Amino acid sequence: MQNRVILAFRKRLKKRGYTDISVFQVKHPLTRVFTGKYLVRAVEPLSGLAVSRECTLEYMDHAFRF
């Protein structure tokens, strides 16, 4: 089951035209422990370019709320 914050963030991105949205947990390369950040990848609606960014849950909870 997906976190409600991540699900709402995906929905807001989709509403603004982003496609191929994917969210992955970022894990430390040596210990393989979750770092508390997520890698968000999507395709922009106007340029069609793929973009990616590392985000925390706090950022996702407040982003694209305008």
# chains A, B, ... in the order shown; residues from 1 in each chain; ligands from 1
>>> select_by_dssp(residues="chain A", states="alpha helix (DSSP H)", output="PyMOL selection string")
chain A and resi 4-15+57-62
>>> atom_distance(atom1="atom CA of Ile21 of chain A", atom2="atom CA of Phe34 of chain A")
20.4 Å
>>> select_by_dssp(residues="chain A", states="strand (DSSP E)", output="CSV table (one decimal) with C-alpha atoms, in the first residue's frame")
chain,number,residue,atom,x,y,z
A,19,THR,CA,3.1,11.7,-17.4
A,20,ASP,CA,5.1,8.5,-16.6
A,21,ILE,CA,5.3,9.4,-12.9
A,22,SER,CA,7.4,7.1,-10.8
A,23,VAL,CA,8.4,7.4,-7.1
A,24,PHE,CA,11.2,5.3,-5.6
A,25,GLN,CA,12.7,5.1,-2.1
A,26,VAL,CA,16.4,6.3,-2.0
A,27,LYS,CA,18.6,3.8,-0.1
A,34,PHE,CA,16.1,3.9,3.5
A,35,THR,CA,17.4,7.5,3.8
A,36,GLY,CA,14.1,9.2,4.2
A,37,LYS,CA,14.1,10.6,0.6
A,38,TYR,CA,12.3,9.6,-2.5
A,39,LEU,CA,13.4,9.8,-6.1
A,40,VAL,CA,10.6,11.3,-8.2
A,41,ARG,CA,10.7,10.9,-12.0
A,42,ALA,CA,8.2,12.3,-14.5
A,43,VAL,CA,7.9,13.6,-18.1
A,50,ALA,CA,12.1,13.5,-18.4
A,51,VAL,CA,12.9,15.2,-15.1
A,52,SER,CA,13.9,13.8,-11.7
A,53,ARG,CA,14.3,15.1,-8.2
A,54,GLU,CA,14.9,13.8,-4.7
A,55,CYS,CA,12.1,14.8,-2.3
>>> closest_residue(among="A:Leu13, A:Glu44, A:Val33, A:Ile6", to="Thr56 of chain A", atoms="only C-alpha atoms")
A:Ile6
>>> residues_around(residues="Leu46 of chain A", least_positions_apart="5", cutoff="12 Å", atoms="only C-alpha atoms", output="list in words")
Arg16, Gly17, Tyr18 and Thr19 of chain A
>>> atom_distance(atom1="atom CA of Lys14 of chain A", atom2="atom CA of Phe64 of chain A")
10.7 Å
>>> residues_around(residues="Asp61 of chain A", least_positions_apart="3", cutoff="10 Å", atoms="only C-alpha atoms", output="list in words")
Arg4, Val5, Ile6, Leu7, Ala8, Phe9, Thr56, Leu57, Glu58, Phe64 and Arg65 of chain A
>>> write_last_selection(atoms="N, CA and C atoms", output="short mmCIF file (atom, residue, chain, number, x, y, z; two decimals), in the first residue's frame")
data_model
loop_
_atom_site.label_atom_id
_atom_site.label_comp_id
_atom_site.auth_asym_id
_atom_site.auth_seq_id
_atom_site.Cartn_x
_atom_site.Cartn_y
_atom_site.Cartn_z
N ARG A 4 -0.27 7.92 1.75
CA ARG A 4 -1.29 8.85 1.25
C ARG A 4 -0.68 10.14 0.73
N VAL A 5 0.45 10.58 1.29
CA VAL A 5 1.13 11.80 0.83
C VAL A 5 1.68 11.58 -0.58
N ILE A 6 2.29 10.43 -0.81
CA ILE A 6 2.84 10.12 -2.13
C ILE A 6 1.72 9.98 -3.15
N LEU A 7 0.64 9.35 -2.77
CA LEU A 7 -0.49 9.18 -3.67
C LEU A 7 -1.09 10.53 -4.06
N ALA A 8 -1.24 11.44 -3.10
CA ALA A 8 -1.78 12.77 -3.38
C ALA A 8 -0.81 13.57 -4.24
N PHE A 9 0.49 13.42 -4.02
CA PHE A 9 1.50 14.12 -4.82
C PHE A 9 1.44 13.65 -6.27
N THR A 56 11.57 14.83 0.03
CA THR A 56 11.14 14.25 1.30
C THR A 56 9.61 14.22 1.32
N LEU A 57 9.05 13.54 2.29
CA LEU A 57 7.59 13.52 2.41
C LEU A 57 7.04 14.90 2.71
N GLU A 58 7.79 15.70 3.50
CA GLU A 58 7.33 17.06 3.81
C GLU A 58 7.22 17.90 2.55
N PHE A 64 3.12 21.75 -5.30
CA PHE A 64 2.06 21.84 -6.31
C PHE A 64 0.69 22.11 -5.70
N ARG A 65 0.64 22.86 -4.60
CA ARG A 65 -0.64 23.21 -3.97
C ARG A 65 -0.97 24.67 -4.22
#
>>> decode(residues="segment 30-44 of chain A", atoms="all heavy atoms", output="mmCIF file, in the first residue's frame")
data_model
loop_
_atom_site.group_PDB
_atom_site.id
_atom_site.type_symbol
_atom_site.label_atom_id
_atom_site.label_comp_id
_atom_site.auth_asym_id
_atom_site.auth_seq_id
_atom_site.Cartn_x
_atom_site.Cartn_y
_atom_site.Cartn_z
ATOM 1 N N LEU A 30 25.706 1.664 0.472
ATOM 2 C CA LEU A 30 26.451 0.619 1.171
ATOM 3 C C LEU A 30 25.586 -0.186 2.132
ATOM 4 O O LEU A 30 25.664 -1.414 2.173
ATOM 5 C CB LEU A 30 27.629 1.233 1.930
ATOM 6 C CG LEU A 30 28.688 1.931 1.069
ATOM 7 C CD1 LEU A 30 29.744 2.570 1.942
ATOM 8 C CD2 LEU A 30 29.298 0.949 0.101
ATOM 9 N N THR A 31 24.771 0.488 2.911
ATOM 10 C CA THR A 31 23.994 -0.209 3.936
ATOM 11 C C THR A 31 22.615 -0.642 3.444
ATOM 12 O O THR A 31 21.965 -1.452 4.095
ATOM 13 C CB THR A 31 23.803 0.689 5.172
ATOM 14 O OG1 THR A 31 23.097 1.865 4.785
ATOM 15 C CG2 THR A 31 25.145 1.054 5.775
ATOM 16 N N ARG A 32 22.163 -0.070 2.321
ATOM 17 C CA ARG A 32 20.849 -0.381 1.745
ATOM 18 C C ARG A 32 19.709 -0.045 2.700
ATOM 19 O O ARG A 32 18.661 -0.688 2.705
ATOM 20 C CB ARG A 32 20.745 -1.852 1.307
ATOM 21 C CG ARG A 32 21.849 -2.328 0.386
ATOM 22 C CD ARG A 32 21.978 -1.560 -0.880
ATOM 23 N NE ARG A 32 20.806 -1.744 -1.716
ATOM 24 C CZ ARG A 32 20.485 -0.973 -2.730
ATOM 25 N NH1 ARG A 32 21.246 0.037 -3.023
ATOM 26 N NH2 ARG A 32 19.424 -1.189 -3.436
ATOM 27 N N VAL A 33 19.911 0.989 3.531
ATOM 28 C CA VAL A 33 18.905 1.461 4.478
ATOM 29 C C VAL A 33 18.220 2.691 3.871
ATOM 30 O O VAL A 33 18.875 3.555 3.288
ATOM 31 C CB VAL A 33 19.553 1.826 5.832
ATOM 32 C CG1 VAL A 33 18.535 2.408 6.790
ATOM 33 C CG2 VAL A 33 20.220 0.608 6.435
ATOM 34 N N PHE A 34 16.911 2.771 4.017
ATOM 35 C CA PHE A 34 16.137 3.880 3.487
ATOM 36 C C PHE A 34 16.602 5.180 4.126
ATOM 37 O O PHE A 34 16.709 5.288 5.340
ATOM 38 C CB PHE A 34 14.649 3.633 3.750
ATOM 39 C CG PHE A 34 13.746 4.750 3.332
ATOM 40 C CD1 PHE A 34 13.774 5.257 2.048
ATOM 41 C CD2 PHE A 34 12.866 5.308 4.230
ATOM 42 C CE1 PHE A 34 12.938 6.288 1.659
ATOM 43 C CE2 PHE A 34 12.020 6.332 3.857
ATOM 44 C CZ PHE A 34 12.059 6.819 2.567
ATOM 45 N N THR A 35 16.879 6.216 3.281
ATOM 46 C CA THR A 35 17.435 7.481 3.758
ATOM 47 C C THR A 35 16.383 8.514 4.136
ATOM 48 O O THR A 35 16.720 9.581 4.633
ATOM 49 C CB THR A 35 18.343 8.111 2.681
ATOM 50 O OG1 THR A 35 17.556 8.389 1.525
ATOM 51 C CG2 THR A 35 19.493 7.206 2.324
ATOM 52 N N GLY A 36 15.119 8.252 3.855
ATOM 53 C CA GLY A 36 14.067 9.223 4.154
ATOM 54 C C GLY A 36 13.729 10.093 2.963
ATOM 55 O O GLY A 36 12.896 10.981 3.068
ATOM 56 N N LYS A 37 14.382 9.858 1.834
ATOM 57 C CA LYS A 37 14.111 10.621 0.622
ATOM 58 C C LYS A 37 13.556 9.701 -0.456
ATOM 59 O O LYS A 37 13.764 8.489 -0.431
ATOM 60 C CB LYS A 37 15.382 11.291 0.110
ATOM 61 C CG LYS A 37 15.915 12.356 1.035
ATOM 62 C CD LYS A 37 17.102 13.047 0.423
ATOM 63 C CE LYS A 37 17.621 14.128 1.354
ATOM 64 N NZ LYS A 37 18.801 14.778 0.807
ATOM 65 N N TYR A 38 12.847 10.321 -1.393
ATOM 66 C CA TYR A 38 12.267 9.591 -2.511
ATOM 67 C C TYR A 38 12.760 10.203 -3.807
ATOM 68 O O TYR A 38 12.896 11.417 -3.916
ATOM 69 C CB TYR A 38 10.738 9.674 -2.476
ATOM 70 C CG TYR A 38 10.133 8.983 -1.283
ATOM 71 C CD1 TYR A 38 9.971 9.646 -0.072
ATOM 72 C CD2 TYR A 38 9.721 7.660 -1.364
ATOM 73 C CE1 TYR A 38 9.407 9.020 1.021
ATOM 74 C CE2 TYR A 38 9.156 7.024 -0.274
ATOM 75 C CZ TYR A 38 9.006 7.707 0.914
ATOM 76 O OH TYR A 38 8.449 7.079 1.995
ATOM 77 N N LEU A 39 13.017 9.373 -4.812
ATOM 78 C CA LEU A 39 13.381 9.849 -6.139
ATOM 79 C C LEU A 39 12.117 9.895 -6.974
ATOM 80 O O LEU A 39 11.446 8.875 -7.161
ATOM 81 C CB LEU A 39 14.405 8.913 -6.779
ATOM 82 C CG LEU A 39 14.854 9.284 -8.187
ATOM 83 C CD1 LEU A 39 15.609 10.615 -8.158
ATOM 84 C CD2 LEU A 39 15.712 8.204 -8.780
ATOM 85 N N VAL A 40 11.773 11.091 -7.444
ATOM 86 C CA VAL A 40 10.564 11.287 -8.244
ATOM 87 C C VAL A 40 10.990 11.531 -9.685
ATOM 88 O O VAL A 40 11.805 12.417 -9.947
ATOM 89 C CB VAL A 40 9.739 12.489 -7.727
ATOM 90 C CG1 VAL A 40 8.507 12.699 -8.576
ATOM 91 C CG2 VAL A 40 9.370 12.291 -6.269
ATOM 92 N N ARG A 41 10.450 10.739 -10.601
ATOM 93 C CA ARG A 41 10.728 10.906 -12.032
ATOM 94 C C ARG A 41 9.414 11.108 -12.758
ATOM 95 O O ARG A 41 8.417 10.452 -12.452
ATOM 96 C CB ARG A 41 11.412 9.676 -12.603
ATOM 97 C CG ARG A 41 12.777 9.420 -12.054
ATOM 98 C CD ARG A 41 13.380 8.199 -12.700
ATOM 99 N NE ARG A 41 14.674 7.910 -12.132
ATOM 100 C CZ ARG A 41 15.281 6.758 -12.235
ATOM 101 N NH1 ARG A 41 14.716 5.765 -12.888
ATOM 102 N NH2 ARG A 41 16.458 6.582 -11.693
ATOM 103 N N ALA A 42 9.428 12.011 -13.747
ATOM 104 C CA ALA A 42 8.224 12.273 -14.540
ATOM 105 C C ALA A 42 8.621 12.923 -15.854
ATOM 106 O O ALA A 42 9.740 13.406 -16.014
ATOM 107 C CB ALA A 42 7.262 13.173 -13.773
ATOM 108 N N VAL A 43 7.676 12.948 -16.798
ATOM 109 C CA VAL A 43 7.891 13.615 -18.082
ATOM 110 C C VAL A 43 7.084 14.903 -18.071
ATOM 111 O O VAL A 43 5.885 14.897 -17.800
ATOM 112 C CB VAL A 43 7.457 12.707 -19.257
ATOM 113 C CG1 VAL A 43 7.576 13.448 -20.575
ATOM 114 C CG2 VAL A 43 8.291 11.436 -19.269
ATOM 115 N N GLU A 44 7.771 16.030 -18.360
ATOM 116 C CA GLU A 44 7.121 17.340 -18.347
ATOM 117 C C GLU A 44 6.090 17.454 -19.467
ATOM 118 O O GLU A 44 6.293 16.913 -20.556
ATOM 119 C CB GLU A 44 8.158 18.451 -18.512
ATOM 120 C CG GLU A 44 8.981 18.690 -17.293
ATOM 121 C CD GLU A 44 9.835 19.941 -17.428
ATOM 122 O OE1 GLU A 44 10.178 20.316 -18.563
ATOM 123 O OE2 GLU A 44 10.143 20.527 -16.387
#
